[in-house]
Each structure stands twice: as structure tokens, then as C-alpha cells.
$ cat target_6.cif   # mmCIF, C-alpha atoms
data_protein
loop_
_atom_site.label_atom_id
_atom_site.label_comp_id
_atom_site.auth_asym_id
_atom_site.auth_seq_id
_atom_site.Cartn_x
_atom_site.Cartn_y
_atom_site.Cartn_z
CA MET A 1 127.00 82.40 86.05
CA LYS A 2 127.79 86.07 86.06
CA ILE A 3 125.49 88.99 86.80
CA ARG A 4 126.58 92.33 85.37
CA PRO A 5 125.18 95.66 84.16
CA SER A 6 123.73 95.29 80.69
CA THR A 7 125.20 96.85 77.57
CA GLU A 8 123.80 97.78 74.17
CA ALA A 9 124.93 94.35 72.94
CA ASP A 10 122.42 92.65 75.29
CA ARG A 11 119.32 94.25 73.81
CA ASP A 12 118.46 91.40 71.45
CA ALA A 13 118.84 88.80 74.19
CA ILE A 14 116.78 90.88 76.62
CA TRP A 15 114.02 91.35 74.07
CA ASP A 16 113.92 87.57 73.48
CA ILE A 17 113.38 86.97 77.21
CA PHE A 18 110.99 89.90 77.64
CA ARG A 19 108.81 88.82 74.73
CA GLU A 20 108.65 85.26 76.00
CA VAL A 21 107.74 86.25 79.57
CA VAL A 22 105.14 88.85 78.57
CA ALA A 23 103.56 86.61 75.92
CA ALA A 24 102.85 84.01 78.62
CA GLY A 25 100.77 86.73 80.27
CA ASP A 26 100.64 85.22 83.74
CA THR A 27 103.29 87.14 85.69
CA TYR A 28 103.37 90.73 84.42
CA ALA A 29 100.61 93.28 83.84
CA LEU A 30 101.99 94.26 80.46
CA ASP A 31 100.47 94.10 77.00
CA PRO A 32 101.44 90.62 75.66
CA ASN A 33 101.80 92.26 72.23
CA ILE A 34 104.08 95.06 73.41
CA SER A 35 106.51 96.21 70.69
CA ARG A 36 110.26 95.66 70.92
CA GLU A 37 110.70 99.43 71.04
CA ASP A 38 108.28 99.94 73.93
CA ALA A 39 109.64 96.93 75.82
CA LEU A 40 113.25 98.12 75.62
CA ALA A 41 112.20 101.71 76.41
CA TYR A 42 110.59 100.34 79.60
CA TRP A 43 113.51 98.09 80.53
CA PHE A 44 116.12 100.80 79.80
CA ALA A 45 114.14 103.84 81.02
CA PRO A 46 116.06 106.85 82.36
CA GLY A 47 116.97 106.26 86.00
CA THR A 48 116.64 102.49 85.62
CA HIS A 49 119.61 100.19 86.27
CA THR A 50 119.49 97.16 83.99
CA TYR A 51 121.40 93.94 84.60
CA VAL A 52 121.77 90.55 82.92
CA ALA A 53 122.64 87.08 84.19
CA GLU A 54 124.75 85.18 81.73
CA THR A 55 126.35 81.79 81.63
CA ASP A 56 128.48 79.81 79.24
CA ALA A 57 126.42 77.59 77.00
CA ILE A 58 126.77 73.88 77.72
CA GLY A 59 129.05 72.13 75.28
CA ASP A 60 130.59 75.32 73.98
CA GLY A 61 134.25 76.09 73.48
CA ALA A 62 134.97 76.42 77.18
CA ALA A 63 138.56 76.09 78.24
CA VAL A 64 139.87 72.58 78.89
CA PRO A 65 143.01 72.28 81.06
CA GLY A 66 146.06 71.83 78.86
CA LYS A 67 144.29 72.93 75.70
CA PRO A 68 144.64 76.38 74.16
CA THR A 69 141.61 78.57 74.81
CA ALA A 70 139.70 80.01 71.86
CA SER A 71 138.56 83.20 73.55
CA PRO A 72 136.35 84.63 70.76
CA THR A 73 134.37 81.38 70.67
CA ILE A 74 133.86 81.45 74.40
CA ILE A 75 132.64 85.04 74.34
CA ARG A 76 130.13 84.25 71.62
CA ALA A 77 128.95 81.20 73.53
CA ARG A 78 127.94 83.19 76.62
CA GLN A 79 124.19 83.24 76.94
CA VAL A 80 121.97 85.79 78.66
CA LEU A 81 119.43 83.71 80.61
CA GLY A 82 117.91 86.39 82.80
CA THR A 83 117.61 90.12 83.27
CA TYR A 84 116.48 92.49 85.97
CA ILE A 85 115.89 96.18 86.52
CA LEU A 86 116.37 98.28 89.65
CA LYS A 87 115.03 101.81 90.02
CA PRO A 88 113.36 104.23 92.44
CA ASN A 89 109.73 103.21 92.92
CA GLN A 90 108.65 106.87 93.10
CA SER A 91 110.22 110.28 92.59
CA GLY A 92 110.68 113.12 95.07
CA GLY A 93 109.83 112.11 98.64
CA GLY A 94 109.43 108.46 97.60
CA SER A 95 112.77 107.98 95.85
CA HIS A 96 114.43 106.20 98.81
CA VAL A 97 112.33 103.08 98.10
CA ALA A 98 113.57 100.85 95.30
CA ASN A 99 111.52 98.84 92.86
CA ALA A 100 112.77 95.90 90.81
CA GLY A 101 111.57 93.56 88.08
CA PHE A 102 112.96 90.17 87.10
CA MET A 103 112.68 87.99 84.02
CA VAL A 104 114.21 84.56 83.41
CA SER A 105 114.24 82.69 80.12
CA ALA A 106 111.88 79.72 80.16
CA ARG A 107 114.69 77.38 79.15
CA ALA A 108 116.67 78.41 82.25
CA ARG A 109 113.99 77.94 84.91
CA GLY A 110 114.90 75.84 87.96
CA GLN A 111 118.55 76.93 87.89
CA ARG A 112 118.10 79.45 90.71
CA ILE A 113 118.86 82.30 88.33
CA GLY A 114 115.98 84.31 89.76
CA ARG A 115 117.32 83.89 93.29
CA ALA A 116 120.86 84.84 92.23
CA MET A 117 119.57 87.97 90.50
CA ALA A 118 117.39 88.88 93.49
CA GLU A 119 120.32 88.60 95.90
CA HIS A 120 122.46 90.66 93.51
CA CYS A 121 119.64 93.18 93.30
CA LEU A 122 119.35 93.59 97.09
CA SER A 123 123.10 94.12 97.26
CA GLU A 124 122.98 96.71 94.48
CA ALA A 125 120.04 98.48 96.11
CA ARG A 126 122.01 98.82 99.35
CA ARG A 127 125.05 100.05 97.44
CA LEU A 128 122.82 102.70 95.82
CA CYS A 129 121.62 103.69 99.34
CA PHE A 130 117.98 102.72 98.95
CA ARG A 131 116.30 102.29 102.35
CA ALA A 132 113.66 99.74 101.29
CA MET A 133 112.45 97.73 98.32
CA GLN A 134 108.87 97.40 97.14
CA PHE A 135 107.23 95.11 94.60
CA ASN A 136 104.01 96.75 93.48
CA TYR A 137 102.44 93.86 91.65
CA VAL A 138 103.14 90.26 92.68
CA ILE A 139 100.40 88.12 91.19
CA SER A 140 99.04 85.71 93.81
CA THR A 141 99.26 82.71 91.47
CA ASN A 142 103.00 83.25 90.98
CA ILE A 143 103.91 80.99 93.91
CA PRO A 144 107.62 80.56 93.07
CA ALA A 145 108.11 84.34 93.10
CA ILE A 146 106.17 84.84 96.36
CA ARG A 147 108.15 82.06 98.08
CA LEU A 148 111.42 83.54 96.86
CA TRP A 149 110.57 87.07 98.03
CA GLN A 150 109.42 85.80 101.42
CA ASP A 151 112.61 83.78 101.72
CA LEU A 152 114.56 86.97 101.02
CA GLY A 153 112.79 88.91 103.78
CA PHE A 154 109.88 90.49 101.93
CA THR A 155 106.44 90.49 103.49
CA ILE A 156 103.02 90.99 101.93
CA VAL A 157 101.95 94.49 103.02
CA GLY A 158 98.89 94.78 100.81
CA THR A 159 96.38 92.71 98.83
CA LEU A 160 94.66 94.07 95.72
CA PRO A 161 91.47 92.05 95.29
CA GLY A 162 90.99 90.68 91.77
CA ALA A 163 93.47 93.17 90.34
CA PHE A 164 94.89 90.79 87.71
CA ARG A 165 93.01 88.98 84.96
CA HIS A 166 94.90 85.69 84.71
CA PRO A 167 94.77 83.98 81.30
CA GLU A 168 93.59 80.69 82.89
CA ASN A 169 92.33 81.55 86.36
CA GLY A 170 90.33 84.71 85.72
CA TYR A 171 90.49 87.56 88.22
CA VAL A 172 93.05 86.83 90.92
CA ASP A 173 94.49 88.88 93.79
CA VAL A 174 97.75 90.76 93.58
CA TYR A 175 100.15 91.39 96.46
CA VAL A 176 102.24 94.41 97.34
CA MET A 177 105.48 93.17 98.94
CA TYR A 178 108.01 95.22 100.88
CA ARG A 179 111.18 94.91 102.87
CA SER A 180 113.46 97.32 104.69
CA LEU A 181 117.10 97.41 103.60
CA LEU A 182 118.33 99.08 106.79
CA GLU A 183 118.81 96.03 109.02
CA LYS A 184 120.57 92.71 108.36
CA MET B 1 81.29 124.63 89.00
CA LYS B 2 81.76 122.53 85.91
CA ILE B 3 83.95 119.47 85.44
CA ARG B 4 84.89 118.68 81.85
CA PRO B 5 87.63 117.03 79.78
CA SER B 6 90.62 119.33 79.46
CA THR B 7 91.72 120.98 76.25
CA GLU B 8 95.00 122.42 75.00
CA ALA B 9 93.85 125.81 76.33
CA ASP B 10 93.92 124.49 79.92
CA ARG B 11 97.62 123.63 79.94
CA ASP B 12 98.81 126.88 81.52
CA ALA B 13 96.19 126.70 84.28
CA ILE B 14 96.99 123.02 84.94
CA TRP B 15 100.70 123.73 85.15
CA ASP B 16 100.03 126.54 87.67
CA ILE B 17 98.14 124.10 89.92
CA PHE B 18 100.57 121.23 89.35
CA ARG B 19 103.61 123.38 90.20
CA GLU B 20 101.97 124.68 93.36
CA VAL B 21 100.92 121.22 94.59
CA VAL B 22 104.24 119.55 93.83
CA ALA B 23 106.32 122.40 95.25
CA ALA B 24 104.55 121.92 98.61
CA GLY B 25 106.03 118.41 98.50
CA ASP B 26 103.71 116.84 101.07
CA THR B 27 101.11 114.99 98.98
CA TYR B 28 102.82 113.64 95.85
CA ALA B 29 106.00 111.64 95.38
CA LEU B 30 107.15 113.83 92.52
CA ASP B 31 110.24 115.97 92.08
CA PRO B 32 109.27 119.43 93.49
CA ASN B 33 111.41 120.95 90.73
CA ILE B 34 109.80 118.97 87.89
CA SER B 35 109.81 120.88 84.60
CA ARG B 36 106.64 122.16 82.94
CA GLU B 37 107.33 119.81 80.05
CA ASP B 38 107.70 116.72 82.24
CA ALA B 39 104.68 117.67 84.36
CA LEU B 40 102.38 118.11 81.38
CA ALA B 41 103.78 114.96 79.73
CA TYR B 42 102.79 113.08 82.91
CA TRP B 43 99.35 114.70 83.22
CA PHE B 44 98.57 114.24 79.51
CA ALA B 45 100.27 110.87 78.96
CA PRO B 46 98.91 108.55 76.25
CA GLY B 47 95.97 106.57 77.63
CA THR B 48 95.33 109.16 80.36
CA HIS B 49 92.01 111.02 80.57
CA THR B 50 92.54 114.55 81.90
CA TYR B 51 89.78 116.72 83.35
CA VAL B 52 89.48 120.18 84.88
CA ALA B 53 87.07 121.73 87.38
CA GLU B 54 86.31 125.31 86.53
CA THR B 55 84.12 128.00 87.98
CA ASP B 56 83.27 131.60 87.22
CA ALA B 57 85.45 134.02 89.13
CA ILE B 58 83.61 136.01 91.81
CA GLY B 59 82.84 139.57 90.73
CA ASP B 60 83.48 138.90 87.05
CA GLY B 61 81.31 139.97 84.14
CA ALA B 62 78.64 137.36 84.83
CA ALA B 63 75.25 137.95 83.29
CA VAL B 64 72.82 140.15 85.23
CA PRO B 65 69.08 139.76 84.39
CA GLY B 66 68.00 142.53 82.07
CA LYS B 67 71.52 143.54 81.10
CA PRO B 68 73.27 142.55 77.90
CA THR B 69 75.78 139.75 78.41
CA ALA B 70 79.41 140.26 77.41
CA SER B 71 80.13 136.67 76.55
CA PRO B 72 83.87 136.99 75.84
CA THR B 73 84.41 138.54 79.27
CA ILE B 74 82.55 135.70 80.95
CA ILE B 75 84.57 133.08 79.12
CA ARG B 76 87.81 134.75 80.13
CA ALA B 77 86.65 134.95 83.73
CA ARG B 78 86.22 131.17 84.07
CA GLN B 79 88.92 129.81 86.31
CA VAL B 80 90.37 126.32 86.46
CA LEU B 81 90.60 125.49 90.16
CA GLY B 82 91.29 121.77 90.02
CA THR B 83 92.35 118.99 87.70
CA TYR B 84 92.36 115.21 87.75
CA ILE B 85 93.58 112.31 85.66
CA LEU B 86 92.03 108.87 85.17
CA LYS B 87 93.89 105.97 83.54
CA PRO B 88 94.49 102.23 83.75
CA ASN B 89 96.71 101.48 86.74
CA GLN B 90 98.48 98.71 84.82
CA SER B 91 98.58 97.35 81.27
CA GLY B 92 97.61 93.92 79.98
CA GLY B 93 95.94 91.76 82.64
CA GLY B 94 95.79 94.71 85.06
CA SER B 95 94.08 97.21 82.78
CA HIS B 96 90.60 96.73 84.30
CA VAL B 97 91.71 98.60 87.44
CA ALA B 98 91.71 102.39 87.20
CA ASN B 99 94.09 104.81 88.82
CA ALA B 100 93.45 108.51 89.38
CA GLY B 101 95.24 111.60 90.65
CA PHE B 102 93.74 114.87 91.87
CA MET B 103 95.09 118.38 92.35
CA VAL B 104 93.25 121.44 93.68
CA SER B 105 94.57 124.99 93.66
CA ALA B 106 95.51 126.17 97.16
CA ARG B 107 93.23 129.20 96.81
CA ALA B 108 90.26 126.90 96.20
CA ARG B 109 90.64 124.52 99.15
CA GLY B 110 87.60 123.96 101.35
CA GLN B 111 85.17 124.35 98.46
CA ARG B 112 84.64 120.60 98.06
CA ILE B 113 86.24 120.70 94.61
CA GLY B 114 88.22 117.57 95.41
CA ARG B 115 85.06 115.71 96.37
CA ALA B 116 83.22 116.89 93.26
CA MET B 117 86.09 115.76 91.05
CA ALA B 118 86.33 112.40 92.85
CA GLU B 119 82.62 111.71 92.36
CA HIS B 120 82.93 112.72 88.70
CA CYS B 121 85.96 110.44 88.42
CA LEU B 122 84.13 107.41 89.83
CA SER B 123 81.32 108.03 87.37
CA GLU B 124 83.73 108.34 84.47
CA ALA B 125 85.59 105.19 85.54
CA ARG B 126 82.31 103.22 85.49
CA ARG B 127 81.44 104.69 82.09
CA LEU B 128 84.84 103.52 80.82
CA CYS B 129 84.05 100.03 82.22
CA PHE B 130 86.79 99.87 84.84
CA ARG B 131 86.01 97.23 87.48
CA ALA B 132 87.89 98.83 90.37
CA MET B 133 89.94 101.87 91.29
CA GLN B 134 93.28 101.90 93.10
CA PHE B 135 95.31 104.70 94.64
CA ASN B 136 98.91 103.52 94.85
CA TYR B 137 100.31 106.21 97.07
CA VAL B 138 98.14 107.96 99.66
CA ILE B 139 100.49 109.60 102.16
CA SER B 140 99.33 108.86 105.72
CA THR B 141 99.64 112.52 106.78
CA ASN B 142 97.19 113.60 104.06
CA ILE B 143 94.17 113.21 106.35
CA PRO B 144 91.67 115.16 104.20
CA ALA B 145 92.37 112.88 101.23
CA ILE B 146 92.15 109.68 103.30
CA ARG B 147 88.83 110.78 104.84
CA LEU B 148 87.44 111.66 101.42
CA TRP B 149 88.47 108.33 99.86
CA GLN B 150 87.04 106.38 102.81
CA ASP B 151 83.83 108.37 102.55
CA LEU B 152 83.66 107.41 98.88
CA GLY B 153 84.01 103.70 99.62
CA PHE B 154 87.76 103.16 99.40
CA THR B 155 89.54 101.04 101.99
CA ILE B 156 93.18 100.85 102.96
CA VAL B 157 94.39 97.54 101.50
CA GLY B 158 98.08 98.05 102.14
CA THR B 159 100.54 100.05 104.25
CA LEU B 160 104.03 100.91 103.01
CA PRO B 161 106.15 101.58 106.10
CA GLY B 162 108.12 104.83 105.93
CA ALA B 163 107.75 104.98 102.16
CA PHE B 164 107.47 108.80 101.99
CA ARG B 165 109.96 111.35 103.24
CA HIS B 166 107.71 114.19 104.41
CA PRO B 167 109.24 117.68 104.32
CA GLU B 168 108.29 118.31 107.98
CA ASN B 169 107.52 114.90 109.49
CA GLY B 170 110.36 112.78 108.13
CA TYR B 171 109.63 109.20 107.01
CA VAL B 172 105.91 108.49 107.16
CA ASP B 173 103.76 105.56 106.05
CA VAL B 174 101.92 105.44 102.74
CA TYR B 175 98.62 103.69 102.08
CA VAL B 176 97.38 101.75 99.09
CA MET B 177 93.62 102.32 98.78
CA TYR B 178 91.17 100.36 96.66
CA ARG B 179 87.50 100.05 95.87
CA SER B 180 85.42 97.89 93.59
CA LEU B 181 83.26 99.66 91.00
CA LEU B 182 80.99 96.69 90.39
CA GLU B 183 78.45 97.22 93.16
CA LYS B 184 76.51 100.34 94.24
#
$ encode --input "target_6.cif" --output "C-alpha cells"
Amino acid sequence: MKIRPSTEADRDAIWDIFREVVAAGDTYALDPNISREDALAYWFAPGTHTYVAETDAIGDGAAVPGKPTASPTIIRARQVLGTYILKPNQSGGGSHVANAGFMVSARARGQRIGRAMAEHCLSEARRLCFRAMQFNYVISTNIPAIRLWQDLGFTIVGTLPGAFRHPENGYVDVYVMYRSLLEK
Amino acid sequence: MKIRPSTEADRDAIWDIFREVVAAGDTYALDPNISREDALAYWFAPGTHTYVAETDAIGDGAAVPGKPTASPTIIRARQVLGTYILKPNQSGGGSHVANAGFMVSARARGQRIGRAMAEHCLSEARRLCFRAMQFNYVISTNIPAIRLWQDLGFTIVGTLPGAFRHPENGYVDVYVMYRSLLEK
């Protein structure tokens, strides 16, 4: 798997993942019927760094030792399975704190793509000289995400009571999570 | 003093207040050099309700009993001394929580205009059927604001360590404040 900055050519793949994640309605406070235009405007907003995680599709034309490699086939077979954004959480006096958002295709869950993107993201945030990272809206029912962030050094610094209307669970709490990027 | 929805005619007065508040750089995480266009786009964004607090200027052509009233003079003498916005803090499953932002002209501080606007804002938020209100970014050095929000029933539900670079105090904490609108 490779994580790299996104290009124009990734927009269709990103929209496919975005639509799928938002339609589920249980992890993001976004309109499940958001338009492609609005979604991509959000994901590619000015000042936002956008990345994708891609992998070769299984059973594609990958190189076999001793066989000639059909490069164009391999390039077409690469699949974008996840995407993330990294940006300042605020402007002006708050611009030293980063914010990030992650989306993984449902068909690629359980492959640690989220963790790989999160580690890449922390590295990129340090490279861009952010001093801390904040997640503004981690829904308390999203246990895999909370466990991952805690494993990566984030702590819950705030609880917003009943701030998210979950499609199955009704009003549930939301966490604000934060970690410094100065140490470690 | 009167608090009312803003109109196109208020844009110059709002920009004067906005520029003054943001240039001070100690209460908002916004670029102190933000353009008029960007500032007004933010304050009048789609889905945002924008209000102004206005008062008659002292010593203007206000009506005197027994004297004819020069209405146009009185209208011109009204001054916008504060402005606030009210909007959903998130989309989709988070749209039942309101967010608000307040700005008062420096020359009108100490006249309880902030409090009057905040009380008006809570009333408007209930009228618009929001279930709670959240302030995402209350800078810990902004004691008058924190006292006012606590007095109006908000509590600190989160602390963001060193999230704001204060022009005089360096990195200072930021609070997330929240209150339900369902009771009282």
C-alpha cells in the first residue's frame, strides 16, 4: 500500500468513498445527501492537504518474476481504498494546531488502512510544523476510531453531551480529542 | 438598544467592528489581515443567521416632546455597536447543536451589549429549535466572555492545551463551552 498526495485523477475514487461513508451517517456530521461538488470542495478546500491510500487490486496484472511487466495494466489496477485530509484547525492564532479527517472504503475495512493513514498524517503534520493535532468531532459510538486515536497518543479532552444524532442509537456524546506533536 | 436581523445596509458597520475585533487578535482565531470580502463571506455564510445591536447615537436628532421629528436624521444617527451570528455547529447528525459568535465595537464595551446579544441569541436558538449551543473556541484569557457564558448557563466541557497563540501571552489554553437548550 502506498500513501501519497492526491491528484485530480483521484477525484472519482475519493467521491466514491466519501459518498459511501457519509451515506452510512454514523461517523461524520455531514449531510448524507451532500452533492459531489460540495463534498469535493470540502475535501479539497484551500489550505487543505489531501492524500490517498492506494493498493494494487488482488489478481491484477502485477509483475511475476521472470515475466514481462505490463505497466499500463498495473497502473490501471491500482485502487484508492482510503483518503485523508490535513489542515489547520483554525486560522490566525490557532493555525499551529492541525485537524485531520479520514475515510476508508467499506470493502477495505480491517486492513489497517486507517492506522497507516493516521501514522502518515502525524508524520506529515510534524513535517508541516504543526505543534498539535485536534479532532473536533469523534462520535462516541465509533469505537474503532477512538481506540486507534488513543493508541496513537490522543486523549479525550472534551465531551459534548448528545451532540450527535446517531441513525440507530439516537442522541449520543461526541468527543474532542487532542495530542501534542512536540514530544516523542 | 435594538437587536434585529442584519440587512445589506449593515455590511459596512459590521466590517468596521469585525476588522477592529480581529485586528486585536486576542479573542478570535482568525487572520488579523482577513479581507473585507472573506470576513463578510464568513459572517453572512449560507445557513448563518446574522444580527446587529444598534442604538441611537448620543446627542443626535432624537425626538424632543413638542418638537417636530426629523425622521431621516434619526435613522442616520442609529449606530450598529455589535453583531452576532447563529448557525448549526455541524451538518447532518450534528445540526441540532447551534454555534454562535459575537463581536462588540471597542467604543461600546461595558454597556452590556454582549450580554443583551447573548440572551437574544439563546432565545433565537430556541425559536429555531436547536437543542443545545456550543462554543468551539473560547480563549482562556478572555475572562469577560467566559464569565458571561457561565452566567448564562454554559459550562466548560473541554480544554484544548495551548491551542491559541496569544499576541501578548504566548500559547494559552482554549475552552469548549456547551449548554443544553431543552430545560429552563
$ resolve_selection --input "target_6.cif" --expression "the PyMOL selection byres ((chain B and resi 80-96) around 6)" --output "list in words"
Ala29, Leu30, Asp31, Ala163, Phe164 and Arg165 of chain A; Thr48, His49, Thr50, Tyr51, Val52, Ala53, Glu54, Gln79, Val97, Ala98, Asn99, Ala100, Gly101, Phe102, Met103, Val104, Ser105, Phe130 and Arg131 of chain B
$ closest_residue --input "target_6.cif" --among "B:Arg115, B:Arg4, B:Arg126, B:Arg19" --to "Leu182 in chain B" --atoms "only C-alpha atoms"
B:Arg126
$ calpha_fit_rmsd --input "target_6.cif" --fixed "chain A" --moving "chain B"
0.1 Å
$ closest_residue --input "target_6.cif" --among "B:Ala23, B:Ile143, B:Ile17, B:Ala116" --to "chain A" --atoms "only C-alpha atoms"
B:Ala23
$ resolve_selection --input "target_6.cif" --expression "the PyMOL selection byres ((chain A and resi 170) around 12)" --output "list in words"
Gly25, Asp26, Ile139, Ser140, Thr141, Gly162, Ala163, Phe164, Arg165, His166, Pro167, Glu168, Asn169, Tyr171, Val172 and Asp173 of chain A; Gly93 and Gly94 of chain B
$ write_last_selection --input "target_6.cif" --atoms "C-alpha atoms" --output "mmCIF file, in the coordinates of the input"
data_model
loop_
_atom_site.group_PDB
_atom_site.id
_atom_site.type_symbol
_atom_site.label_atom_id
_atom_site.label_comp_id
_atom_site.auth_asym_id
_atom_site.auth_seq_id
_atom_site.Cartn_x
_atom_site.Cartn_y
_atom_site.Cartn_z
ATOM 1 C CA GLY A 25 100.770 86.730 80.270
ATOM 2 C CA ASP A 26 100.640 85.220 83.740
ATOM 3 C CA ILE A 139 100.400 88.120 91.190
ATOM 4 C CA SER A 140 99.040 85.710 93.810
ATOM 5 C CA THR A 141 99.260 82.710 91.470
ATOM 6 C CA GLY A 162 90.990 90.680 91.770
ATOM 7 C CA ALA A 163 93.470 93.170 90.340
ATOM 8 C CA PHE A 164 94.890 90.790 87.710
ATOM 9 C CA ARG A 165 93.010 88.980 84.960
ATOM 10 C CA HIS A 166 94.900 85.690 84.710
ATOM 11 C CA PRO A 167 94.770 83.980 81.300
ATOM 12 C CA GLU A 168 93.590 80.690 82.890
ATOM 13 C CA ASN A 169 92.330 81.550 86.360
ATOM 14 C CA TYR A 171 90.490 87.560 88.220
ATOM 15 C CA VAL A 172 93.050 86.830 90.920
ATOM 16 C CA ASP A 173 94.490 88.880 93.790
ATOM 17 C CA GLY B 93 95.940 91.760 82.640
ATOM 18 C CA GLY B 94 95.790 94.710 85.060
#
$ atom_distance --input "target_6.cif" --atom1 "CA of Ala77 in chain B" --atom2 "CA of Ser123 in chain B"
27.7 Å
$ build_atoms --input "target_6.cif" --residues "range 155-170 of chain A" --atoms "N, CA, C and O atoms" --output "short mmCIF file (atom, residue, chain, number, x, y, z; two decimals), keeping the file's coordinate frame"
data_model
loop_
_atom_site.label_atom_id
_atom_site.label_comp_id
_atom_site.auth_asym_id
_atom_site.auth_seq_id
_atom_site.Cartn_x
_atom_site.Cartn_y
_atom_site.Cartn_z
N THR A 155 107.74 90.90 102.97
CA THR A 155 106.44 90.49 103.49
C THR A 155 105.34 91.11 102.62
O THR A 155 105.55 92.13 101.96
N ILE A 156 104.18 90.46 102.64
CA ILE A 156 103.02 90.99 101.93
C ILE A 156 102.45 92.12 102.78
O ILE A 156 102.01 91.90 103.91
N VAL A 157 102.47 93.34 102.26
CA VAL A 157 101.95 94.49 103.02
C VAL A 157 100.62 94.98 102.45
O VAL A 157 100.02 95.90 103.00
N GLY A 158 100.17 94.37 101.37
CA GLY A 158 98.89 94.78 100.81
C GLY A 158 98.36 93.72 99.86
O GLY A 158 99.13 92.97 99.26
N THR A 159 97.04 93.65 99.75
CA THR A 159 96.38 92.71 98.83
C THR A 159 95.39 93.48 97.97
O THR A 159 94.49 94.16 98.50
N LEU A 160 95.54 93.38 96.67
CA LEU A 160 94.66 94.07 95.72
C LEU A 160 93.68 93.04 95.18
O LEU A 160 94.04 92.17 94.39
N PRO A 161 92.41 93.12 95.62
CA PRO A 161 91.47 92.05 95.29
C PRO A 161 91.12 92.02 93.80
O PRO A 161 90.65 93.00 93.24
N GLY A 162 91.37 90.87 93.17
CA GLY A 162 90.99 90.68 91.77
C GLY A 162 91.66 91.63 90.80
O GLY A 162 91.14 91.90 89.72
N ALA A 163 92.84 92.11 91.16
CA ALA A 163 93.47 93.17 90.34
C ALA A 163 94.13 92.66 89.07
O ALA A 163 94.53 93.45 88.22
N PHE A 164 94.27 91.33 88.93
CA PHE A 164 94.89 90.79 87.71
C PHE A 164 93.95 89.78 87.05
O PHE A 164 93.39 88.91 87.72
N ARG A 165 93.81 89.93 85.75
CA ARG A 165 93.01 88.98 84.96
C ARG A 165 93.97 87.94 84.41
O ARG A 165 94.69 88.17 83.45
N HIS A 166 93.97 86.77 85.07
CA HIS A 166 94.90 85.69 84.71
C HIS A 166 94.37 84.96 83.48
O HIS A 166 93.16 84.72 83.38
N PRO A 167 95.26 84.60 82.54
CA PRO A 167 94.77 83.98 81.30
C PRO A 167 94.02 82.67 81.52
O PRO A 167 93.14 82.33 80.74
N GLU A 168 94.35 81.93 82.61
CA GLU A 168 93.59 80.69 82.89
C GLU A 168 92.65 80.81 84.08
O GLU A 168 91.57 80.24 84.09
N ASN A 169 93.06 81.56 85.09
CA ASN A 169 92.33 81.55 86.36
C ASN A 169 91.34 82.68 86.54
O ASN A 169 90.71 82.79 87.59
N GLY A 170 91.22 83.56 85.56
CA GLY A 170 90.33 84.71 85.72
C GLY A 170 90.91 85.74 86.68
O GLY A 170 92.12 85.83 86.85
#
